[in-house]
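Student: Below: one structure in structure tokens.
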Amino acid sequence: METSGRGDWKRREGLGSALAQIGVVAVLLAAGVAWYVHRGQVRQEVDAHLRTARAAVLKGNPSDLAMAQQNLDALFQLAPDSRDARALAADLQAELWLTHHLPGADAKAREQLERAEALGSRSGERYGARALLLVGAGQTQEANKLLEELKAQGANSPRLTLAQALLLQREGRLSEARQAFARAAEGAWKDPRFSAAYGEALLDEGMFPQAVEAFARATNANPDHLLSRVTSALARLYAERPPEGVTALLEEVRSRGKELTPALQARVAVVQAEVALAKGAPDEALTHVDAALKAWPDEHYALFTRGRALAAKRAPEARQAFEAAVAKRPTAPLLTLEGARLLQAQGDGEGALAMLDAYEKTFHAVKARTADGKELPALDRDDRYWLARGGVMEAAGRQDDALAAYDKALSARGVGLARAQYAKGALLLTRKDFDGAKALLTAVAPESGAGSIPEAYAALGELLFAQGEFAAGCQQHYFSLVRARAQGAPAEQLATRANDIKKRLETSGQPAMAKAWLTEAGPLFSGGGEPAAVTR
């Protein structure tokens, strides 16, 4: 058998096969490298979109949230099963629903959240969004259960703390709610949304300076955070501060066009209404209130400002407006206590008392935890409520009931202690209990002039006048004007008060002291000269 050349044939076959195999391996290797490089590029793009989305969400404005959503949409084209991105999308849509009241955002939030949960996300956004959505839907029992379960597992995040704060607020446990809002804001100090939520909670309680401070922290995180800037202006207007710079702010915000979500549109319109009220134009204010409620019918500040405008017109519909505001936010003391005060001022004592009775019904079962861990009825520690009730009773001529309410305010020993001392002291003065009145008034109107309540110095001045101590009385009235001026009282108001005191001195047979009074008090409101409003 011929075998010549067989070895060469085998050798040639082996070499070709080997070369082919090498080629296949090379192709597979190249494909693998290409796939790996592509996968790395995709991962880099996904990570870049997620970082950009998180950074945009931190800014908190509607345009920032829209940018974040665009990045997430691009991310989902590359990696539809990115669980943490789905959780972030749920958090973003929850913010658009709960804070900005954007229609349809709640359904989108739930859809994204369900996908994040199905994918097994364990990010803070997932659990925070679930808790906040439950709170927003009014499912308080479910929200409480979820938070307790997460707490037992050791979970802790600013979003969960914010959800807890909102639940406490709804339950009327306001002191605990404030602490939770503060913790959430501190834990997420880079995110203005948390400080803004804290600021609004403080505003609901009528704590205007503290609210402005919280909104300032929000704008420290993002100087352009629109909702914080606008609501801070509203807090200052509610505190009766001059509306300086507010018009320019509103023009700037309105120029943002598509960024104005229903919440921002409503809040801007409420601020416009308060500017109109500050100018003495309640009808114009009501027009702006209507615009606010058209943008967001549940805007409780709009309903509250409507009540304020109607009260300024002495319209009987004011009570209905205040009650509508309270119905939207029953545990917001500002709405009830200020509403009752304004109703009483316009002569609707029955309406004022009805609002206070409703407030007592809302809070009667609420317990407040003391520093030593004890629980007491929240109303027993609510000096603001008892001060408001005492004022309504006093205006109605029910002095004994008013004194009982003021005593309740005093026993609460809260932040309004000085105001309670003044209120009871002034009432005792009208009853000519000079000794009792003086003991209380001197506690808040010290002779050094360092007291912070102008009315207390004025009441002490009246007491001394009644006792024939005109020189000492003038000194107290002077301190009253100094304090009022420092707190922003208009010069015209100070001039009117000074003129009234001058006339009192003259009718009391003290013409020389009346002249000396004007010499001393004049510079407080005339810049060194005597204003035209003061007559000799």
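Naming works like this for the structure tokens: A, B, ... for the chains as they're shown, residue 1 at the start of each chain, ligands 1 onward in shown order.
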How would you write, as number ranges by chain, the set of residues in segment 37-232 of chain A that DSSP gives as alpha helix (DSSP H)?

Tutor: A: 37-59, 62-78, 83-98, 105-118, 124-136, 140-152, 158-170, 174-187, 192-204, 208-221, 226-232

Student: List as an MDAnalysis selection string the protein and nucleic acid residues near Thr336 of chain A, meaning an atom at most 12 Å away when only C-alpha atoms are counted, but skip any in the same chain fewer than 3 places from it.

Tutor: chainID A and resid 204:206 300 303:304 307:308 319:333 339:343 351:360 362 384:385 388:389

Student: Could you give me, as a VMD selection string, the residues within 8 Å of segment 89-104 of chain A, counting only C-alpha atoms and dropping anything in the same chain fewer than 4 positions from it?

Tutor: chain A and resid 57 62 65 69 72 85 108 to 113 125 to 126 128 to 129 132 to 133 136 261 to 264 296

Student: Hey, can you check how far atom CA of Asp290 of chain A sits from atom CA of Glu244 of chain A?

Tutor: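 The value is 23.8 Å.
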
Student: Using only C-alpha atoms, which residue out of A:Glu284, A:Glu176, A:Glu240, A:Glu317 lies closest to Ala378 of chain A?

Tutor: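 Of A:Glu284, A:Glu176, A:Glu240, A:Glu317, the one nearest Ala378 of chain A is A:Glu176, counting only C-alpha atoms.
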
Student: In terms of the shortest atom-to-atom distance over only C-alpha atoms, which of A:Arg217, A:Lys438, A:Lys515, A:Arg159 is closest to Arg130 of chain A?

Tutor: A:Arg159

Student: Quick one, how far is atom CA of Pro454 of chain A from atom CA of Gly199 of chain A?

Tutor: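 Atom-to-atom, atom CA of Pro454 of chain A to atom CA of Gly199 of chain A, that is 27.3 Å.
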
Student: Quick one: residues within 10 Å of Arg183 of chain A, only C-alpha atoms, excluding same-chain residues fewer than 2 positions away - as a PyMOL selection string?

Tutor: chain A and resi 157-158+161-162+165+177-181+185-189+194-195+198

Student: Find the residues near Asn144 of chain A: any atom within 8 Å, counting only C-alpha atoms, skip ones fewer than 3 places away on the same chain, and give them as a VMD selection string.

Tutor: chain A and resid 140 to 141 147 to 148 164 167

Student: Nearest residue to Ala471 of chain A out of A:Asp298, A:Asp383, A:Glu114, A:Glu520, using only C-alpha atoms?

Tutor: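 The answer is A:Glu520, which sits nearest to Ala471 of chain A.
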
Student: Quick one, how far is atom CA of Gln421 of chain A from atom CA of Thr305 of chain A?

Tutor: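 We find that atom CA of Gln421 of chain A and atom CA of Thr305 of chain A lie 29.9 Å from each other.
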
Student: If we count only C-alpha atoms and set the cut-off at 12 Å, which residues sit around Pro282 of chain A, ignoring sequence neighbours fewer than 4 positions away in its own chain? Please answer as a list in words.

Tutor: Gln272, Ala273, Glu274, Val275, Ala276, Leu277, Ala278, Leu286, Thr287, His288, Val289, Thr305, Arg306, Gly307, Arg308, Ala309, Leu310, Ala311, Ala312, Lys313, Arg314, Ala315 and Ala318 of chain A

Student: Do you know which residues are at most 8 Å from Ser480 of chain A counting only C-alpha atoms, after dropping those on the same chain fewer than 2 positions away, and could you put them as a count of residues only?

Tutor: 12

Student: Taking into account only C-alpha atoms, which residue in the set A:Leu134, A:Val268, A:Leu494, A:Ala79 is nearest to Arg229 of chain A?

Tutor: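 Checking each of A:Leu134, A:Val268, A:Leu494, A:Ala79 against Arg229 of chain A, counting only C-alpha atoms, the winner is A:Val268.
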